[in-house]
Amino acid sequence: MSTTTTVPIRTATPTPPKREVASTREDFPILKRMIHGSPLVYLDSAATTQKPEAVINVLVDYYHQTNANVHRGLYALAAQATDKYEGARAKVAKFIGAGETEEIVFTRNTTESINLVAQSWGTKNLKSGDEILVSEMEHHSNLVPWFMLAKRTGAVVRHIPILDDGTLDLSKWNERFTNRTRLVALTHVSNVLGTINPVPEIAEMVHKHGALLLVDGAQGVPHMPVSVATLGADFVAFSAHKMLGPTGVGVLWGRRELLEAMDPFLGGGDMIRTVSMTAATWNDLPWKFEAGTPNIADVIGFGAAIDYLESIGMTEVRRHEIELTEYALEKMHSVDELEIHGPADPQLRAGVISFNHSDIHPHDLSTYLDRKGVAIRAGHHCAQPLMERLGQTATARASFYVYNNREDIDTLIDALQSAGRFFGRR
């Protein structure tokens with residue numbers, strides 16, 4: 001039985017009134033916490049963002065009022081849950097400028113979205129000797145699935161290097177892009193360097209050669225206005241939890257004709273149209289890729305996160321981030337012991353700053369800053385090839401979002417200077 005026509009999809013809730021970025025901090029209850037006796041300064045949004053009260057309330061309300069499985073139920077609760085769930089899909093489509101709601105596939109995260117393409121498109125379309133082109137700045141989630149695919153199919157993974165300033169080296173594009181290149185898999189924004197890659201220009205070059213472009217949008221979609229039409233990509237993957245939404249929800253957007261031609265990623269309930277003892281047929285898009293009971297509550301919560309971001313405006317989100325990044329770079333350059341990685345121009349990077357202290361290992365630095373209430377990331381950030389390129393085993397990383405302000409940066413700088421004195425005495 002098809003699952004595509006249970007209830008009509010309506011707009012779930014009105015968009016909240018316009019918010020000023022400066023006032024958003026009050027909407028995030030976790031920011032009122034004290035950590036080791038100091039107010040929390042959360043600077044790890046590239047890993048996951050905090051959630052506003054509006055998102056938390058939608059999750060609680062769903063379980064209080066609407067909890068039921070979606071699509072197949074004919075009773076009121078099931079219809080209401082389906083309405084909210086599919087309403088969130090429509091919000092995602094509008095948010096990224098997708099031409100059709102059916103092009104939005106829900107997954108668990110960006111990683112699963114990329115794996116879906118590797119399995120469902122790659123296995124069917126690649127053969128021995130075909131080439132996949134990635135970059136030196138990719139997250140492991142946009143490397144490992146292609147290594148696995150290459151092992152299965154005999155395809156070859158090649159890479160675009162980066163320049164010393166943290167940008168892609170596109171000077172020898174035609175040498176790296178051959179007549180065997182079938183797919184380019186590229187991050188929109190580096191989760192280490194903050195580099196914003198020129199995706200539209202790259203998409204034009206990719207399509208000129210008859211290949212496809214997959215964009216890892218995990219660090220791009222949450223931080224700036226993104227239209228899939230403007231990007232020019234064929235697939236875009238991103239996650240709810242990096243844009244104020246709950247964990248456990250990812251999105252794959254793909255051009256309809258590509259998704260239609262791809263086989264399902266997983267088999268089971270909801271992705272079928274018919275099943276006999278010898279065969280099965282598949283449901284329509286996007287449900288043929290969504291086997292089993294989905295993450296209903298968190299998808300609905302994601303819809304609330306999109307409402308929240310739209311109440312600020314993604315242009316304003318980006319403006320705020322540029323301003324914060326510029327301020328942070330200026331302040332961090334005043335700390336002599338820091339080596340900062342990535343583009344110097346805040347216009348060319350997102351709100352992600354990775355750095356190394358000449359005298360303190362990133363893990364020790366992160367631990368010390370935590371004692372001051374400052375939460376930063378330390379490690380290889382799931383980008384070990386990039387660490388090798390930078391000549392580091394790990395970096396410290398501060399990353400910003402709508403709830404951060406200049407006072408957070410000042411606290412970070414004070415904590416870094418304190419760390420230098422503390423480890424210097426030892």
# chains A, B, ... in the order shown; residues from 1 in each chain; ligands from 1

call {"tool": "residues_around", "arguments": {"residues": "Ala375 (chain A)", "least_positions_apart": "5", "cutoff": "9 Å", "atoms": "only C-alpha atoms", "output": "ChimeraX atom specification"}}
result
/A:40-44,366-367,369-370,398

call {"tool": "write_last_selection", "arguments": {"atoms": "C-alpha atoms", "output": "PDB file, in the first residue's frame"}}
result
ATOM      1  CA  LEU A  40      29.311  28.509  30.130  1.00  0.00           C
ATOM      2  CA  VAL A  41      30.932  29.929  26.988  1.00  0.00           C
ATOM      3  CA  TYR A  42      29.994  27.458  24.272  1.00  0.00           C
ATOM      4  CA  LEU A  43      32.359  27.586  21.292  1.00  0.00           C
ATOM      5  CA  ASP A  44      31.818  24.176  19.713  1.00  0.00           C
ATOM      6  CA  SER A 366      40.933  22.328  25.794  1.00  0.00           C
ATOM      7  CA  THR A 367      40.996  20.757  29.252  1.00  0.00           C
ATOM      8  CA  LEU A 369      39.797  26.134  29.037  1.00  0.00           C
ATOM      9  CA  ASP A 370      37.023  23.867  30.248  1.00  0.00           C
ATOM     10  CA  ALA A 398      36.614  27.537  18.392  1.00  0.00           C
TER      11      ALA A 398
END

call {"tool": "residues_around", "arguments": {"residues": "Ile114 (chain A)", "least_positions_apart": "3", "cutoff": "8 Å", "atoms": "only C-alpha atoms", "output": "MDAnalysis selection string"}}
result
chainID A and resid 110:111 117:118 141:142 145 216 237 252

call {"tool": "residues_around", "arguments": {"residues": "region 75-92 of chain A", "least_positions_apart": "5", "cutoff": "10 Å", "atoms": "only C-alpha atoms", "output": "ChimeraX atom specification"}}
result
/A:6-13,62,65-70,97-98,100-106,240,251,253,294-307

call {"tool": "closest_residue", "arguments": {"among": "A:Leu309, A:Phe423, A:Arg397, A:Met243", "to": "Asp359 (chain A)", "atoms": "only C-alpha atoms"}}
result
A:Phe423

call {"tool": "closest_residue", "arguments": {"among": "A:Asn125, A:Asn356, A:Thr274, A:Thr49", "to": "Ser399 (chain A)", "atoms": "only C-alpha atoms"}}
result
A:Thr49

call {"tool": "residues_around", "arguments": {"residues": "region 284-292 of chain A", "least_positions_apart": "3", "cutoff": "9 Å", "atoms": "only C-alpha atoms", "output": "PDB file with C-alpha atoms, in the first residue's frame"}}
result
ATOM      1  CA  SER A   2       1.374   3.398  -0.910  1.00  0.00           C
ATOM      2  CA  THR A   3       2.173   5.788   1.934  1.00  0.00           C
ATOM      3  CA  THR A   4       2.032   8.967  -0.096  1.00  0.00           C
ATOM      4  CA  THR A 101       9.425  18.527  -1.563  1.00  0.00           C
ATOM      5  CA  GLU A 102       9.932  14.974  -2.852  1.00  0.00           C
ATOM      6  CA  GLU A 103      13.626  15.766  -3.365  1.00  0.00           C
ATOM      7  CA  ILE A 104      14.115  15.932   0.422  1.00  0.00           C
ATOM      8  CA  VAL A 105      15.133  12.602   1.974  1.00  0.00           C
ATOM      9  CA  PHE A 106      15.436  12.321   5.750  1.00  0.00           C
ATOM     10  CA  THR A 107      18.365  10.323   7.125  1.00  0.00           C
ATOM     11  CA  LEU A 116      23.229   6.711   0.765  1.00  0.00           C
ATOM     12  CA  ARG A 256      14.693  14.254  -8.770  1.00  0.00           C
ATOM     13  CA  LEU A 259      16.897   9.985  -7.001  1.00  0.00           C
ATOM     14  CA  GLU A 260      14.286   8.326  -9.212  1.00  0.00           C
ATOM     15  CA  ASP A 263      17.808   1.938  -5.836  1.00  0.00           C
ATOM     16  CA  PRO A 264      16.728   2.039  -2.172  1.00  0.00           C
ATOM     17  CA  PHE A 265      19.457   2.207   0.459  1.00  0.00           C
ATOM     18  CA  LEU A 266      17.634   0.084   3.065  1.00  0.00           C
ATOM     19  CA  GLY A 267      14.778  -2.394   2.829  1.00  0.00           C
ATOM     20  CA  GLY A 268      11.764  -2.777   5.105  1.00  0.00           C
ATOM     21  CA  GLY A 269       8.566  -1.001   5.991  1.00  0.00           C
ATOM     22  CA  ASP A 270       7.381   2.245   4.429  1.00  0.00           C
ATOM     23  CA  MET A 271       9.830   2.111   1.501  1.00  0.00           C
ATOM     24  CA  ILE A 272       7.721  -0.462  -0.353  1.00  0.00           C
ATOM     25  CA  ARG A 273       4.690  -0.286  -2.587  1.00  0.00           C
TER      26      ARG A 273
END

call {"tool": "residues_around", "arguments": {"residues": "Met262 (chain A)", "least_positions_apart": "5", "cutoff": "8 Å", "atoms": "only C-alpha atoms", "output": "compact mmCIF listing (two decimals) with C-alpha atoms, in the first residue's frame"}}
result
# COMPACT_ATOMS: atom_id res chain seq x y z
CA SER A 120 22.57 3.77 -4.14
CA TRP A 121 24.11 5.90 -6.88
CA LYS A 124 25.04 1.26 -9.72

call {"tool": "residues_around", "arguments": {"residues": "region 162-169 of chain A", "least_positions_apart": "2", "cutoff": "9 Å", "atoms": "only C-alpha atoms", "output": "number ranges by chain"}}
result
A: 135-137, 160, 171-173, 193-197, 341-344, 348, 386, 389-390

call {"tool": "select_by_dssp", "arguments": {"residues": "region 85-319 of chain A", "states": "strand (DSSP E or B)", "output": "ChimeraX atom specification"}}
result
/A:104-107,131-135,156-160,162,168,181-187,189,195-196,212-216,235-239,250-254,272-275,280-282

call {"tool": "residues_around", "arguments": {"residues": "Ala233 (chain A)", "least_positions_apart": "3", "cutoff": "9 Å", "atoms": "only C-alpha atoms", "output": "compact mmCIF listing (two decimals) with N, CA and C atoms, in the first residue's frame"}}
result
# COMPACT_ATOMS: atom_id res chain seq x y z
N VAL A 199 31.62 26.83 -4.56
CA VAL A 199 30.87 25.69 -5.10
C VAL A 199 30.21 25.99 -6.44
N PRO A 200 29.52 27.13 -6.62
CA PRO A 200 28.88 27.36 -7.92
C PRO A 200 29.86 27.31 -9.09
N ALA A 203 30.85 23.71 -9.59
CA ALA A 203 29.74 22.96 -10.20
C ALA A 203 29.71 23.16 -11.70
N LEU A 212 29.09 14.53 -11.90
CA LEU A 212 28.14 14.99 -10.89
C LEU A 212 28.90 15.58 -9.70
N LEU A 213 28.21 16.44 -8.96
CA LEU A 213 28.80 17.09 -7.80
C LEU A 213 27.96 16.82 -6.56
N LEU A 214 28.58 16.23 -5.55
CA LEU A 214 27.96 16.09 -4.23
C LEU A 214 28.61 17.08 -3.29
N VAL A 215 27.78 17.83 -2.56
CA VAL A 215 28.28 18.83 -1.62
C VAL A 215 27.95 18.40 -0.19
N VAL A 228 19.95 25.42 -3.36
CA VAL A 228 20.56 24.32 -4.12
C VAL A 228 20.65 24.68 -5.60
N ALA A 229 19.73 25.48 -6.08
CA ALA A 229 19.78 25.90 -7.48
C ALA A 229 21.01 26.77 -7.74
N THR A 230 21.30 27.68 -6.81
CA THR A 230 22.47 28.55 -6.95
C THR A 230 23.77 27.78 -6.79
N VAL A 236 23.14 17.42 -2.11
CA VAL A 236 23.59 18.21 -0.97
C VAL A 236 23.17 17.48 0.29
N GLY A 254 18.59 15.70 -3.48
CA GLY A 254 19.14 15.28 -4.76
C GLY A 254 18.20 15.69 -5.89
N ARG A 255 18.77 15.87 -7.07
CA ARG A 255 17.92 16.16 -8.22
C ARG A 255 16.98 14.99 -8.45

call {"tool": "closest_residue", "arguments": {"among": "A:Thr187, A:Gln119, A:Asn174, A:Gln50", "to": "Glu138 (chain A)", "atoms": "only C-alpha atoms"}}
result
A:Thr187

call {"tool": "decode", "arguments": {"residues": "region 265-365 of chain A", "atoms": "C-alpha atoms", "output": "PDB file, in the first residue's frame"}}
result
ATOM      1  CA  PHE A 265      19.457   2.207   0.459  1.00  0.00           C
ATOM      2  CA  LEU A 266      17.634   0.084   3.065  1.00  0.00           C
ATOM      3  CA  GLY A 267      14.778  -2.394   2.829  1.00  0.00           C
ATOM      4  CA  GLY A 268      11.764  -2.777   5.105  1.00  0.00           C
ATOM      5  CA  GLY A 269       8.566  -1.001   5.991  1.00  0.00           C
ATOM      6  CA  ASP A 270       7.381   2.245   4.429  1.00  0.00           C
ATOM      7  CA  MET A 271       9.830   2.111   1.501  1.00  0.00           C
ATOM      8  CA  ILE A 272       7.721  -0.462  -0.353  1.00  0.00           C
ATOM      9  CA  ARG A 273       4.690  -0.286  -2.587  1.00  0.00           C
ATOM     10  CA  THR A 274       3.992  -4.017  -2.816  1.00  0.00           C
ATOM     11  CA  VAL A 275       5.562  -7.150  -1.329  1.00  0.00           C
ATOM     12  CA  SER A 276       4.966 -10.799  -2.266  1.00  0.00           C
ATOM     13  CA  MET A 277       6.788 -13.933  -1.188  1.00  0.00           C
ATOM     14  CA  THR A 278       9.143 -13.542  -4.139  1.00  0.00           C
ATOM     15  CA  ALA A 279       9.550  -9.824  -4.873  1.00  0.00           C
ATOM     16  CA  ALA A 280       8.845  -6.227  -3.885  1.00  0.00           C
ATOM     17  CA  THR A 281       8.273  -2.892  -5.594  1.00  0.00           C
ATOM     18  CA  TRP A 282       9.321   0.478  -4.225  1.00  0.00           C
ATOM     19  CA  ASN A 283       7.411   3.458  -2.911  1.00  0.00           C
ATOM     20  CA  ASP A 284       7.534   6.904  -4.493  1.00  0.00           C
ATOM     21  CA  LEU A 285      10.109   9.562  -3.628  1.00  0.00           C
ATOM     22  CA  PRO A 286      11.213  10.340  -1.012  1.00  0.00           C
ATOM     23  CA  TRP A 287       9.788   7.437   0.981  1.00  0.00           C
ATOM     24  CA  LYS A 288      11.608   4.714  -0.945  1.00  0.00           C
ATOM     25  CA  PHE A 289      14.754   5.863   0.889  1.00  0.00           C
ATOM     26  CA  GLU A 290      13.148   6.054   4.350  1.00  0.00           C
ATOM     27  CA  ALA A 291      12.764   2.461   5.521  1.00  0.00           C
ATOM     28  CA  GLY A 292      11.149   1.776   8.887  1.00  0.00           C
ATOM     29  CA  THR A 293       9.726   4.119  11.496  1.00  0.00           C
ATOM     30  CA  PRO A 294      11.481   7.473  11.054  1.00  0.00           C
ATOM     31  CA  ASN A 295      12.747   9.830  13.733  1.00  0.00           C
ATOM     32  CA  ILE A 296       9.380  11.555  13.885  1.00  0.00           C
ATOM     33  CA  ALA A 297       9.728  13.847  16.886  1.00  0.00           C
ATOM     34  CA  ASP A 298      13.166  15.111  15.950  1.00  0.00           C
ATOM     35  CA  VAL A 299      12.169  15.795  12.344  1.00  0.00           C
ATOM     36  CA  ILE A 300       9.278  17.896  13.672  1.00  0.00           C
ATOM     37  CA  GLY A 301      11.752  19.594  16.032  1.00  0.00           C
ATOM     38  CA  PHE A 302      13.940  20.325  13.016  1.00  0.00           C
ATOM     39  CA  GLY A 303      11.011  22.138  11.455  1.00  0.00           C
ATOM     40  CA  ALA A 304      10.886  24.357  14.544  1.00  0.00           C
ATOM     41  CA  ALA A 305      14.625  25.033  14.240  1.00  0.00           C
ATOM     42  CA  ILE A 306      14.121  26.186  10.655  1.00  0.00           C
ATOM     43  CA  ASP A 307      11.305  28.471  11.823  1.00  0.00           C
ATOM     44  CA  TYR A 308      13.691  29.939  14.382  1.00  0.00           C
ATOM     45  CA  LEU A 309      16.495  30.544  11.881  1.00  0.00           C
ATOM     46  CA  GLU A 310      14.083  32.092   9.411  1.00  0.00           C
ATOM     47  CA  SER A 311      12.828  34.421  12.122  1.00  0.00           C
ATOM     48  CA  ILE A 312      16.393  35.787  12.273  1.00  0.00           C
ATOM     49  CA  GLY A 313      17.101  35.533   8.555  1.00  0.00           C
ATOM     50  CA  MET A 314      20.060  33.641   7.120  1.00  0.00           C
ATOM     51  CA  THR A 315      21.566  36.834   5.710  1.00  0.00           C
ATOM     52  CA  GLU A 316      21.651  38.193   9.257  1.00  0.00           C
ATOM     53  CA  VAL A 317      23.076  34.905  10.570  1.00  0.00           C
ATOM     54  CA  ARG A 318      25.926  35.216   8.080  1.00  0.00           C
ATOM     55  CA  ARG A 319      26.500  38.924   8.824  1.00  0.00           C
ATOM     56  CA  HIS A 320      26.711  38.215  12.547  1.00  0.00           C
ATOM     57  CA  GLU A 321      29.161  35.385  11.957  1.00  0.00           C
ATOM     58  CA  ILE A 322      31.462  37.482   9.777  1.00  0.00           C
ATOM     59  CA  GLU A 323      31.517  40.197  12.435  1.00  0.00           C
ATOM     60  CA  LEU A 324      32.322  37.709  15.211  1.00  0.00           C
ATOM     61  CA  THR A 325      34.983  35.929  13.162  1.00  0.00           C
ATOM     62  CA  GLU A 326      36.693  39.197  12.271  1.00  0.00           C
ATOM     63  CA  TYR A 327      36.726  40.208  15.938  1.00  0.00           C
ATOM     64  CA  ALA A 328      37.987  36.797  17.040  1.00  0.00           C
ATOM     65  CA  LEU A 329      40.799  36.716  14.456  1.00  0.00           C
ATOM     66  CA  GLU A 330      41.927  40.185  15.502  1.00  0.00           C
ATOM     67  CA  LYS A 331      41.990  39.238  19.173  1.00  0.00           C
ATOM     68  CA  MET A 332      43.640  35.857  18.609  1.00  0.00           C
ATOM     69  CA  HIS A 333      46.425  37.405  16.514  1.00  0.00           C
ATOM     70  CA  SER A 334      47.356  39.395  19.632  1.00  0.00           C
ATOM     71  CA  VAL A 335      48.296  36.133  21.378  1.00  0.00           C
ATOM     72  CA  ASP A 336      51.833  35.550  20.072  1.00  0.00           C
ATOM     73  CA  GLU A 337      51.907  31.831  20.814  1.00  0.00           C
ATOM     74  CA  LEU A 338      48.962  31.024  18.507  1.00  0.00           C
ATOM     75  CA  GLU A 339      49.217  29.714  14.951  1.00  0.00           C
ATOM     76  CA  ILE A 340      45.884  30.200  13.200  1.00  0.00           C
ATOM     77  CA  HIS A 341      44.914  28.020  10.255  1.00  0.00           C
ATOM     78  CA  GLY A 342      42.724  28.970   7.292  1.00  0.00           C
ATOM     79  CA  PRO A 343      41.971  32.094   5.238  1.00  0.00           C
ATOM     80  CA  ALA A 344      42.834  35.453   6.794  1.00  0.00           C
ATOM     81  CA  ASP A 345      39.819  37.184   5.226  1.00  0.00           C
ATOM     82  CA  PRO A 346      36.630  36.694   7.323  1.00  0.00           C
ATOM     83  CA  GLN A 347      34.598  37.003   4.124  1.00  0.00           C
ATOM     84  CA  LEU A 348      36.202  33.788   2.847  1.00  0.00           C
ATOM     85  CA  ARG A 349      35.556  31.718   5.941  1.00  0.00           C
ATOM     86  CA  ALA A 350      32.759  30.663   8.233  1.00  0.00           C
ATOM     87  CA  GLY A 351      32.801  31.054  12.010  1.00  0.00           C
ATOM     88  CA  VAL A 352      35.351  28.277  12.564  1.00  0.00           C
ATOM     89  CA  ILE A 353      38.879  29.009  13.773  1.00  0.00           C
ATOM     90  CA  SER A 354      41.392  26.209  14.271  1.00  0.00           C
ATOM     91  CA  PHE A 355      44.671  27.050  15.962  1.00  0.00           C
ATOM     92  CA  ASN A 356      47.695  25.658  17.745  1.00  0.00           C
ATOM     93  CA  HIS A 357      49.507  27.017  20.783  1.00  0.00           C
ATOM     94  CA  SER A 358      53.283  26.764  20.494  1.00  0.00           C
ATOM     95  CA  ASP A 359      53.669  25.560  24.093  1.00  0.00           C
ATOM     96  CA  ILE A 360      50.455  23.655  24.843  1.00  0.00           C
ATOM     97  CA  HIS A 361      49.006  20.533  23.228  1.00  0.00           C
ATOM     98  CA  PRO A 362      45.427  21.088  21.985  1.00  0.00           C
ATOM     99  CA  HIS A 363      44.039  18.454  24.358  1.00  0.00           C
ATOM    100  CA  ASP A 364      45.700  20.102  27.361  1.00  0.00           C
ATOM    101  CA  LEU A 365      44.533  23.501  26.180  1.00  0.00           C
TER     102      LEU A 365
END
